[in-house]
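To start, the structure itself, in structure tokens.
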Amino acid sequence: MIMRTILFAGLCRQRTVIVCVLAAFVATAAAGAAQPVVCTLKDRQVEVAIDPQGNLVSLKNLQSGHDYASGQPLWRLYFDRKDGEKENEVVAIDNPPEIRQTDNRIELRYGTLKARNGNVRIKLVLTVRLENGQVRFGSTVSNEEPHTIIRELHYPLVGNCRLPDDHRLLTTQSGGQLYVGPTKQIVAVGNSPPYMAPSQFYRQMDLKYPGRTSANCFAFVGPAQGLYFGSHDLTFQDTWHGLRVYPDASGQFNALEAGLYKYPNCLPGQSWSCDANVVAPYAGTWHQTSKIYRAWADNWWRQREVPTWVRKMKGWQRVIFRHQYGETFFRFADLSGRMRQAGTSVGVETVLAFGWWHAGMDNGYPDSYWVTDPAQGGDRAWTEAIAEYRRQGGRLMLYFNGKLIDRQSEFYRHGEGKAVCYHDNTGADYTEQYRFKGLGTFTGYYNARTFVVADTRREEWRRLLLKMADRAIQFGVDSVFYDQLGYGEAASNWDLSGEFPIPNTRLIVDKAETLKMLHDYLDTKGNPDFSLGTEHFTDVTAQHVDYIHNITGATGPTDFTEWVRYTFPEVILSDREIRDDTDVPRRVNHALLKGLRNDIEIYRCRDLIDKTPNYQRYLAQVNRLKDKYGDLLLLGRYRDTEGLLNDNPKVQARCFVNADRLAVVVTQSSEPTAATHIRVPGYSFQESDSVGEVKLAPAPGDGQTVRLGQHGLAVLVYGKDIQ
């Protein structure tokens with residue numbers, strides 16, 4: 001074992017001070033030698049220390065003094081053998097490392113690894129270094145074991161993580177989720193579905209990027225400090241957000257472990273490296289997690305200028321003209337008739353048109369896009385209906401699915417569909433079903449459509465997507481929308497050409513490159529107002545579209561869409577799930593509070609908002625505020641709670657900034673009536689407007705007192721003070 005003791009008598013010229021601290025040492029009469037050293041890196045914000053066994057003995061926030069580590073192993077590894085043995089485990093406790101420390105770097109080297117069932121010729125090199133308050137963990141695995149593939153590396157791990165009682169778990173699932181009691185939450189979901197995991201050993205919250213996650217990070221957040229985990233990985237490869245709870249000696253599940261897992265799929269004779277994983281004990285509110293992630297994202301984020309009409313868009317009516325099972329809800333003439341009237345009644349000019357083709361929604365893809373309803377006049381009548389709607393001031397966004405191929409389509413049965421679709425680890429098609437119900441029961445339960453999923457890397461599929469864009473342009477619409485290109489599926493395409501089947505672990509960057517290709521193509525058409533949209537926010541795909549149809553309404557008890565809105569405020573993102581006339585004011589107010597556009601999808605797009613009078617009436621009132629203060633609420637930058645002071649946590653307040661003006665949106669839904677004191681340092685109050693029961697008065701000394709009835713909503717406008 002190689003150990004280096006580095007001692008500094010004075011101050012280092014760099015900001016980072018590196019120390020190798022002697023472990024508690026016992027002099028013996030016979031040897032008189034010191035015990036092995038603990039290697040420590042330290043700067044002004046963080047201290048990290050590794051003991052001679054390779055355990056994490058310190059991960060300390062030096063600004064608060066809190067240490068999250070408790071001396072547990074840093075890693076584990078899994079490999080498969082050709083003979084069928086899968087997920088053979090290698091654990092750090094069985095493998096003492098050689099440790100070197102030079103400058104701002106600790107290196108742990110492992111030769112032949114000891115697995116539970118014998119030694120394997122797998123080499124592992126781990127590195128730890130400090131970068132401006134962040135601990136970066138690098139790794140290299142080398143496989144010299146025949147007929148073996150290294151599937152997983154879990155590194156870094158913070159075992160038996162010592163969380164303060166006030167810390168919550170923040171994930172980026174569906175734009176953001178915030179959970180009280182992280183350990184209890186993980187245990188609560190960690191046996192779901194039952195008996196599918198080895199629940200006698202640990203309980204795990206399943207969370208992977210990409211999937212429904214919006215970014216490749218998670219955190220434990222408190223009011224004044226927290227612990228951030230992020231994979232700042234420019235390959236955008238699959239990353240598991242490791243959240244496990246292990247049992248103690250009495251069998252109680254209470255030992256929290258957090259970390260990041262990668263999937264090398266490293267074959268014999270190959271090496272694999274990753275230097276992307278970052279852990280950061282930080283000081284401040286949860287906003288620091290956004291700032292850490294966005295500082296990294298700014299290295300690659302390249303969003304085009306979004307058309308002004310999209311930025312000013314208050315929302316859209318999402319409608320299905322004809323459904324999967326042949327029922328027609330709307331005719332082309334309705335676009336400028338009842339549909340136009342319903343939209344203008346709530347101040348919404350845009351329609352997102354689904355199921356406009358003759359075969360109906362989620363049926364016959366991709367063949368069906370080329371056949372509009374011949375009984376209504378086909379392409380000519382649809383083009384004329386769109387033109388008339390746009391002459392009246394409307395905007396139309398045209399739907400195509402970006403990935404689904406119907407197994408009954410000609411493209412699949414006799415065309416390229418079988419070649420371009422995902423195949424699983426046996427070579428079989430990966431399939432999805434969409435079980436829409438008609439008036440009976442047979443269609444939804446027995447007679448559903450089955451689809452395969454297109455691999456967006458394939459040029460045959462990309463050419464077809466471009467053909468869809470051309471068709472949208474020929475119809476004269478304002479935008480083309482590709483559904484389901486913004487997230488990663490639960491499975492991907494597998495390569496079966498080698499000794500082991502290997503999945504594609506970069507499917508989200510494939511989708512991002514496809515969306516970039518589509519936007520590049522649209523940019524050549526000479527219409528800067530033509531826009532591109534997709535479904536679901538994932539960071540690497542979001543930069544290549546002009547608006548995103550959200551996957552959730554984000555109004556549930558754990559929803560925390562504040563994270564994605566604050567981290568990526570320039571993205572136009574919708575709400576979702578207001579499908580009837582219930583719980584309307586709370587959810588509409590939430591959309592305004594967080595700067596979300598309205599996705600009007602009455603009865604899952606089968607009807608219009610004139611059939612939900614409460615929703616129609618209330619949305620019209622709230623959209624009047626958007627019209628009045630659109631320069632702030634629509635064109636302004638969402639700043640969450642930064643820059644404002646709100647004295648009552650039961651009242652929600654968020655702010656938007658544009659140039660030297662600022663708007664604060666204030667609402668509450670939990671009490672019959674509630675009041676708060678709003679202050680905006682550096683700004684002076686100018687005016688306000690409201691919906692519902694709201695009373696506003698100057699507060700003694702400074703700011704405004706806002707009193708709101710349940711679901712009351714106010715917009716307060718401020719101007720920046722002249723220095």
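To be explicit about the labels: the chains of the structure tokens are called A, B, and onward in the order shown, and within each one the residues are counted from 1, while ligands get numbers from 1 in the order they are shown.
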Handout entry: alpha helix (DSSP H) residues, from DSSP on the backbone, in region 199-344 of chain A, as a list of chain:residue names
Key = A:His287, A:Gln288, A:Thr289, A:Ser290, A:Lys291, A:Ile292, A:Tyr293, A:Arg294, A:Ala295, A:Trp296, A:Ala297, A:Thr308, A:Trp309, A:Val310, A:Arg311, A:Lys312, A:Arg338, A:Met339, A:Arg340, A:Gln341, A:Ala342, A:Gly343, A:Thr344
Practice task
Find the residues near region 411-416 of chain A: any atom within 9 Å, counting only C-alpha atoms, skip ones fewer than 2 places away on the same chain, and give them as an MDAnalysis selection string.
Solution key: chainID A and resid 365:367 405:409 418:421 452 460:461
What's the 6 Å shell around Ala663 (chain A), counting only C-alpha atoms, without same-chain residues fewer than 6 positions away, as a CSV table (one decimal) with all heavy atoms, in the first residue's frame?
chain,number,residue,atom,x,y,z
A,655,CYS,N,-42.2,35.8,-7.8
A,655,CYS,CA,-42.0,37.1,-8.5
A,655,CYS,C,-41.4,36.8,-9.9
A,655,CYS,O,-40.8,35.8,-10.2
A,655,CYS,CB,-41.1,38.0,-7.7
A,655,CYS,SG,-39.4,37.5,-7.5
A,656,PHE,N,-41.7,37.8,-10.8
A,656,PHE,CA,-41.2,37.8,-12.2
A,656,PHE,C,-40.6,39.2,-12.4
A,656,PHE,O,-41.1,40.2,-12.0
A,656,PHE,CB,-42.4,37.6,-13.1
A,656,PHE,CG,-43.2,36.3,-12.9
A,656,PHE,CD1,-44.1,36.2,-11.9
A,656,PHE,CD2,-43.0,35.2,-13.8
A,656,PHE,CE1,-44.8,35.0,-11.7
A,656,PHE,CE2,-43.7,34.1,-13.6
A,656,PHE,CZ,-44.6,34.0,-12.5
A,716,LEU,N,-49.0,42.2,-7.7
A,716,LEU,CA,-48.5,43.5,-7.2
A,716,LEU,C,-47.3,43.9,-8.2
A,716,LEU,O,-46.4,43.0,-8.4
A,716,LEU,CB,-48.0,43.3,-5.8
A,716,LEU,CG,-49.0,43.3,-4.7
A,716,LEU,CD1,-50.0,42.1,-4.8
A,716,LEU,CD2,-48.3,43.2,-3.3
A,717,VAL,N,-47.3,45.1,-8.7
A,717,VAL,CA,-46.3,45.5,-9.6
A,717,VAL,C,-45.4,46.6,-8.9
A,717,VAL,O,-45.9,47.5,-8.3
A,717,VAL,CB,-47.0,46.1,-10.9
A,717,VAL,CG1,-45.9,46.6,-11.8
A,717,VAL,CG2,-47.8,45.0,-11.6
Can you list every residue in region 329-461 of chain A that DSSP puts in strand (DSSP E or B), as a tab-separated table (two decimals) with all heavy atoms, in the first residue's frame?
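What landed in states_25.tsv:
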chain	number	residue	atom	x	y	z
A	350	THR	N	-54.93	29.95	-29.22
A	350	THR	CA	-54.16	28.86	-29.83
A	350	THR	C	-54.86	27.51	-29.63
A	350	THR	O	-55.42	27.24	-28.57
A	350	THR	CB	-52.75	28.80	-29.21
A	350	THR	OG1	-52.13	30.09	-29.34
A	350	THR	CG2	-51.89	27.77	-29.90
A	351	VAL	N	-54.79	26.68	-30.66
A	351	VAL	CA	-55.30	25.31	-30.61
A	351	VAL	C	-54.14	24.36	-30.88
A	351	VAL	O	-53.38	24.55	-31.83
A	351	VAL	CB	-56.43	25.09	-31.64
A	351	VAL	CG1	-56.72	23.60	-31.81
A	351	VAL	CG2	-57.69	25.83	-31.22
A	352	LEU	N	-54.02	23.35	-30.02
A	352	LEU	CA	-53.09	22.24	-30.24
A	352	LEU	C	-53.94	21.07	-30.73
A	352	LEU	O	-54.68	20.45	-29.96
A	352	LEU	CB	-52.35	21.90	-28.95
A	352	LEU	CG	-51.36	20.74	-28.97
A	352	LEU	CD1	-50.35	20.85	-30.10
A	352	LEU	CD2	-50.64	20.63	-27.62
A	353	ALA	N	-53.86	20.80	-32.03
A	353	ALA	CA	-54.79	19.88	-32.69
A	353	ALA	C	-54.25	18.46	-32.71
A	353	ALA	O	-53.23	18.17	-33.34
A	353	ALA	CB	-55.07	20.36	-34.12
A	354	PHE	N	-54.96	17.56	-32.00
A	354	PHE	CA	-54.68	16.12	-31.99
A	354	PHE	C	-55.73	15.42	-32.86
A	354	PHE	O	-56.85	15.91	-33.04
A	354	PHE	CB	-54.80	15.55	-30.58
A	354	PHE	CG	-53.69	15.88	-29.63
A	354	PHE	CD1	-52.98	17.06	-29.70
A	354	PHE	CD2	-53.37	15.01	-28.60
A	354	PHE	CE1	-51.98	17.37	-28.81
A	354	PHE	CE2	-52.36	15.29	-27.69
A	354	PHE	CZ	-51.66	16.47	-27.79
A	357	TRP	N	-56.34	13.55	-38.29
A	357	TRP	CA	-56.30	12.64	-39.44
A	357	TRP	C	-57.49	11.67	-39.37
A	357	TRP	O	-58.11	11.48	-38.32
A	357	TRP	CB	-54.98	11.89	-39.46
A	357	TRP	CG	-54.64	11.30	-38.12
A	357	TRP	CD1	-54.93	10.05	-37.66
A	357	TRP	CD2	-53.96	11.96	-37.04
A	357	TRP	NE1	-54.48	9.87	-36.38
A	357	TRP	CE2	-53.88	11.03	-35.97
A	357	TRP	CE3	-53.40	13.23	-36.87
A	357	TRP	CZ2	-53.28	11.35	-34.75
A	357	TRP	CZ3	-52.81	13.54	-35.65
A	357	TRP	CH2	-52.75	12.61	-34.61
A	372	THR	N	-56.20	12.76	-44.34
A	372	THR	CA	-57.21	13.50	-43.59
A	372	THR	C	-58.59	12.99	-44.02
A	372	THR	O	-58.71	12.22	-44.99
A	372	THR	CB	-57.09	15.01	-43.82
A	372	THR	OG1	-57.06	15.26	-45.23
A	372	THR	CG2	-55.82	15.57	-43.20
A	395	ARG	N	-54.04	30.81	-33.71
A	395	ARG	CA	-52.78	30.10	-33.99
A	395	ARG	C	-53.06	28.61	-33.89
A	395	ARG	O	-53.78	28.16	-33.01
A	395	ARG	CB	-51.71	30.48	-32.97
A	395	ARG	CG	-51.34	31.96	-32.94
A	395	ARG	CD	-50.31	32.28	-34.00
A	395	ARG	NE	-49.80	33.64	-33.88
A	395	ARG	CZ	-48.85	34.15	-34.65
A	395	ARG	NH1	-48.29	33.39	-35.60
A	395	ARG	NH2	-48.44	35.39	-34.50
A	396	LEU	N	-52.44	27.82	-34.78
A	396	LEU	CA	-52.66	26.39	-34.75
A	396	LEU	C	-51.34	25.63	-34.68
A	396	LEU	O	-50.43	25.87	-35.48
A	396	LEU	CB	-53.44	25.92	-35.98
A	396	LEU	CG	-53.99	24.50	-35.76
A	396	LEU	CD1	-55.48	24.44	-36.04
A	396	LEU	CD2	-53.25	23.47	-36.60
A	397	MET	N	-51.26	24.74	-33.70
A	397	MET	CA	-50.10	23.87	-33.51
A	397	MET	C	-50.53	22.45	-33.86
A	397	MET	O	-51.51	21.95	-33.31
A	397	MET	CB	-49.60	23.96	-32.06
A	397	MET	CG	-49.34	25.40	-31.64
A	397	MET	SD	-48.52	25.62	-30.04
A	397	MET	CE	-49.71	24.95	-28.91
A	398	LEU	N	-49.81	21.81	-34.76
A	398	LEU	CA	-50.24	20.54	-35.35
A	398	LEU	C	-49.48	19.36	-34.75
A	398	LEU	O	-48.25	19.35	-34.72
A	398	LEU	CB	-50.02	20.56	-36.86
A	398	LEU	CG	-50.80	19.53	-37.68
A	398	LEU	CD1	-52.30	19.81	-37.59
A	398	LEU	CD2	-50.35	19.53	-39.12
A	399	TYR	N	-50.24	18.38	-34.31
A	399	TYR	CA	-49.71	17.20	-33.61
A	399	TYR	C	-49.21	16.13	-34.56
A	399	TYR	O	-49.87	15.78	-35.55
A	399	TYR	CB	-50.81	16.60	-32.73
A	399	TYR	CG	-50.42	15.32	-32.01
A	399	TYR	CD1	-50.07	15.35	-30.67
A	399	TYR	CD2	-50.44	14.08	-32.65
A	399	TYR	CE1	-49.74	14.19	-29.99
A	399	TYR	CE2	-50.10	12.91	-31.98
A	399	TYR	CZ	-49.75	12.97	-30.65
A	399	TYR	OH	-49.42	11.82	-29.99
A	400	PHE	N	-48.05	15.58	-34.24
A	400	PHE	CA	-47.58	14.29	-34.75
A	400	PHE	C	-46.94	13.56	-33.57
A	400	PHE	O	-46.41	14.19	-32.66
A	400	PHE	CB	-46.51	14.46	-35.85
A	400	PHE	CG	-47.00	15.11	-37.10
A	400	PHE	CD1	-46.95	16.49	-37.25
A	400	PHE	CD2	-47.49	14.36	-38.15
A	400	PHE	CE1	-47.39	17.10	-38.41
A	400	PHE	CE2	-47.93	14.96	-39.32
A	400	PHE	CZ	-47.88	16.34	-39.45
A	401	ASN	N	-46.98	12.24	-33.60
A	401	ASN	CA	-46.24	11.51	-32.57
A	401	ASN	C	-44.82	11.28	-33.06
A	401	ASN	O	-44.61	10.82	-34.19
A	401	ASN	CB	-46.92	10.18	-32.25
A	401	ASN	CG	-46.38	9.59	-30.96
A	401	ASN	OD1	-45.24	9.12	-30.90
A	401	ASN	ND2	-47.18	9.64	-29.91
A	404	LEU	N	-44.02	6.72	-32.03
A	404	LEU	CA	-44.84	5.51	-32.07
A	404	LEU	C	-45.07	5.01	-33.50
A	404	LEU	O	-45.32	5.80	-34.41
A	404	LEU	CB	-46.19	5.76	-31.40
A	404	LEU	CG	-46.17	6.00	-29.90
A	404	LEU	CD1	-47.59	6.18	-29.38
A	404	LEU	CD2	-45.48	4.86	-29.15
A	405	ILE	N	-45.02	3.70	-33.65
A	405	ILE	CA	-45.30	3.01	-34.91
A	405	ILE	C	-46.35	1.93	-34.63
A	405	ILE	O	-46.11	1.01	-33.84
A	405	ILE	CB	-44.03	2.36	-35.49
A	405	ILE	CG1	-42.93	3.40	-35.72
A	405	ILE	CG2	-44.36	1.61	-36.78
A	405	ILE	CD1	-41.57	2.78	-36.05
A	406	ASP	N	-47.50	2.06	-35.25
A	406	ASP	CA	-48.57	1.07	-35.08
A	406	ASP	C	-48.16	-0.24	-35.75
A	406	ASP	O	-47.73	-0.25	-36.91
A	406	ASP	CB	-49.86	1.61	-35.70
A	406	ASP	CG	-51.09	0.81	-35.29
A	406	ASP	OD1	-51.00	-0.42	-35.18
A	406	ASP	OD2	-52.15	1.44	-35.10
A	421	CYS	N	-37.38	0.11	-35.16
A	421	CYS	CA	-37.97	0.15	-33.82
A	421	CYS	C	-37.02	-0.44	-32.77
A	421	CYS	O	-36.06	-1.15	-33.09
A	421	CYS	CB	-39.31	-0.57	-33.79
A	421	CYS	SG	-39.22	-2.37	-33.94
A	423	HIS	N	-35.62	-2.87	-30.03
A	423	HIS	CA	-35.67	-4.30	-29.75
A	423	HIS	C	-35.09	-4.55	-28.37
A	423	HIS	O	-34.12	-3.89	-27.97
A	423	HIS	CB	-34.90	-5.09	-30.81
A	423	HIS	CG	-35.48	-4.96	-32.19
A	423	HIS	ND1	-35.02	-4.05	-33.11
A	423	HIS	CD2	-36.51	-5.61	-32.79
A	423	HIS	CE1	-35.74	-4.14	-34.22
A	423	HIS	NE2	-36.64	-5.07	-34.06
A	429	ASP	N	-39.55	-7.10	-30.33
A	429	ASP	CA	-39.98	-5.70	-30.35
A	429	ASP	C	-40.33	-5.23	-28.94
A	429	ASP	O	-40.97	-5.95	-28.16
A	429	ASP	CB	-41.24	-5.53	-31.21
A	429	ASP	CG	-40.97	-5.75	-32.68
A	429	ASP	OD1	-39.79	-5.91	-33.06
A	429	ASP	OD2	-41.95	-5.78	-33.46
A	431	THR	N	-42.76	-2.91	-26.99
A	431	THR	CA	-44.08	-2.40	-27.35
A	431	THR	C	-44.68	-1.54	-26.25
A	431	THR	O	-44.32	-1.66	-25.07
A	431	THR	CB	-45.06	-3.55	-27.65
A	431	THR	OG1	-45.23	-4.36	-26.48
A	431	THR	CG2	-44.54	-4.41	-28.80
A	432	GLU	N	-45.62	-0.68	-26.65
A	432	GLU	CA	-46.42	0.13	-25.74
A	432	GLU	C	-47.87	0.07	-26.20
A	432	GLU	O	-48.14	-0.10	-27.40
A	432	GLU	CB	-45.95	1.59	-25.73
A	432	GLU	CG	-44.56	1.78	-25.18
A	432	GLU	CD	-44.15	3.25	-25.11
A	432	GLU	OE1	-44.96	4.12	-25.52
A	432	GLU	OE2	-43.03	3.53	-24.65
A	433	GLN	N	-48.80	0.21	-25.26
A	433	GLN	CA	-50.22	0.25	-25.59
A	433	GLN	C	-50.87	1.48	-24.97
A	433	GLN	O	-50.47	1.92	-23.89
A	433	GLN	CB	-50.95	-1.00	-25.07
A	433	GLN	CG	-50.69	-2.25	-25.88
A	433	GLN	CD	-51.62	-3.38	-25.50
A	433	GLN	OE1	-52.11	-3.45	-24.38
A	433	GLN	NE2	-51.88	-4.28	-26.44
A	434	TYR	N	-51.86	2.03	-25.67
A	434	TYR	CA	-52.63	3.17	-25.20
A	434	TYR	C	-54.10	2.77	-25.19
A	434	TYR	O	-54.73	2.64	-26.24
A	434	TYR	CB	-52.35	4.40	-26.06
A	434	TYR	CG	-50.92	4.83	-25.86
A	434	TYR	CD1	-49.90	4.29	-26.64
A	434	TYR	CD2	-50.58	5.69	-24.84
A	434	TYR	CE1	-48.57	4.62	-26.41
A	434	TYR	CE2	-49.26	6.04	-24.60
A	434	TYR	CZ	-48.26	5.50	-25.39
A	434	TYR	OH	-46.96	5.82	-25.15
A	449	ARG	N	-54.75	-0.54	-29.18
A	449	ARG	CA	-53.71	-0.50	-30.22
A	449	ARG	C	-52.35	-0.80	-29.60
A	449	ARG	O	-52.06	-0.38	-28.47
A	449	ARG	CB	-53.67	0.88	-30.88
A	449	ARG	CG	-54.98	1.38	-31.41
A	449	ARG	CD	-55.55	0.48	-32.49
A	449	ARG	NE	-54.71	0.43	-33.68
A	449	ARG	CZ	-55.07	-0.20	-34.81
A	449	ARG	NH1	-56.26	-0.82	-34.87
A	449	ARG	NH2	-54.29	-0.20	-35.85
A	450	THR	N	-51.53	-1.52	-30.33
A	450	THR	CA	-50.17	-1.85	-29.88
A	450	THR	C	-49.17	-1.17	-30.80
A	450	THR	O	-49.29	-1.24	-32.03
A	450	THR	CB	-49.94	-3.37	-29.88
A	450	THR	OG1	-50.89	-3.98	-28.99
A	450	THR	CG2	-48.54	-3.70	-29.41
A	451	PHE	N	-48.18	-0.52	-30.19
A	451	PHE	CA	-47.18	0.23	-30.93
A	451	PHE	C	-45.78	-0.27	-30.59
A	451	PHE	O	-45.52	-0.75	-29.48
A	451	PHE	CB	-47.24	1.72	-30.57
A	451	PHE	CG	-48.56	2.37	-30.89
A	451	PHE	CD1	-49.60	2.36	-29.96
A	451	PHE	CD2	-48.77	3.00	-32.09
A	451	PHE	CE1	-50.81	2.96	-30.24
A	451	PHE	CE2	-49.98	3.61	-32.38
A	451	PHE	CZ	-51.00	3.59	-31.45
A	452	VAL	N	-44.87	-0.12	-31.54
A	452	VAL	CA	-43.45	-0.21	-31.26
A	452	VAL	C	-42.90	1.20	-31.23
A	452	VAL	O	-43.57	2.17	-31.60
A	452	VAL	CB	-42.72	-1.07	-32.31
A	452	VAL	CG1	-43.19	-2.51	-32.24
A	452	VAL	CG2	-42.89	-0.50	-33.72
A	453	VAL	N	-41.68	1.33	-30.74
A	453	VAL	CA	-41.08	2.65	-30.52
A	453	VAL	C	-39.90	2.83	-31.47
A	453	VAL	O	-39.00	1.98	-31.54
A	453	VAL	CB	-40.61	2.80	-29.06
A	453	VAL	CG1	-39.87	4.12	-28.86
A	453	VAL	CG2	-41.81	2.73	-28.12
A	454	ALA	N	-39.90	3.93	-32.19
A	454	ALA	CA	-38.83	4.20	-33.16
A	454	ALA	C	-37.55	4.62	-32.47
A	454	ALA	O	-37.57	5.42	-31.52
A	454	ALA	CB	-39.28	5.29	-34.13
Practice task
Would you kindly return, as a PyMOL selection string, each protein, DNA or RNA residue with an atom no farther than 6 Å from any atom of region 73-82 of chain A, considering only C-alpha atoms and excluding same-chain residues fewer than 3 positions away?
Solution key: chain A and resi 55+85-92+147-157
Exercise for the section: Please measure the separation of CA of Gly402 (chain A) and CA of Phe481 (chain A), giving the value in Å to one decimal. Expected result: 8.5 Å
Fill in the blank from the handout: re CA of Val706 (chain A) and CA of Tyr566 (chain A): distance 24.4 Å
Exercise for the section: Compile the contact shell of Glu577 (chain A) as an MDAnalysis selection string: residues with an atom at most 9 Å away, counting only C-alpha atoms, same-chain residues fewer than 6 positions apart removed. Expected result: chainID A and resid 551:553 599:602 604
Same residues, N, CA and C atoms, output as a PDB file, in the first residue's frame:
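Output file out-v1.pdb follows:
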ATOM      1  N   ILE A 551     -45.946  17.156 -18.489  1.00  0.00           N
ATOM      2  CA  ILE A 551     -46.398  15.800 -18.213  1.00  0.00           C
ATOM      3  C   ILE A 551     -47.328  15.757 -17.011  1.00  0.00           C
ATOM      4  N   THR A 552     -47.389  16.856 -16.238  1.00  0.00           N
ATOM      5  CA  THR A 552     -48.163  16.880 -15.003  1.00  0.00           C
ATOM      6  C   THR A 552     -48.693  18.283 -14.762  1.00  0.00           C
ATOM      7  N   GLY A 553     -49.750  18.364 -13.940  1.00  0.00           N
ATOM      8  CA  GLY A 553     -50.250  19.665 -13.522  1.00  0.00           C
ATOM      9  C   GLY A 553     -49.419  20.297 -12.431  1.00  0.00           C
ATOM     10  N   ASP A 599     -52.952  24.467 -20.319  1.00  0.00           N
ATOM     11  CA  ASP A 599     -53.289  23.367 -21.220  1.00  0.00           C
ATOM     12  C   ASP A 599     -54.756  23.031 -20.970  1.00  0.00           C
ATOM     13  N   ILE A 600     -55.639  23.482 -21.861  1.00  0.00           N
ATOM     14  CA  ILE A 600     -57.084  23.300 -21.692  1.00  0.00           C
ATOM     15  C   ILE A 600     -57.471  22.009 -22.393  1.00  0.00           C
ATOM     16  N   GLU A 601     -57.739  20.957 -21.624  1.00  0.00           N
ATOM     17  CA  GLU A 601     -57.940  19.610 -22.178  1.00  0.00           C
ATOM     18  C   GLU A 601     -59.215  19.005 -21.593  1.00  0.00           C
ATOM     19  N   ILE A 602     -60.353  19.575 -21.901  1.00  0.00           N
ATOM     20  CA  ILE A 602     -61.603  19.196 -21.256  1.00  0.00           C
ATOM     21  C   ILE A 602     -61.957  17.741 -21.573  1.00  0.00           C
ATOM     22  N   ARG A 604     -60.243  15.100 -21.208  1.00  0.00           N
ATOM     23  CA  ARG A 604     -59.096  14.538 -21.928  1.00  0.00           C
ATOM     24  C   ARG A 604     -59.221  14.820 -23.427  1.00  0.00           C
TER      25      ARG A 604
END
Handout entry: Counting only C-alpha atoms, the residue of A:Leu608, A:Leu515, A:Asp83, A:Arg586 that sits nearest Gly709 (chain A)
Key =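 Smallest distance to Gly709 (chain A) is found for A:Arg586.
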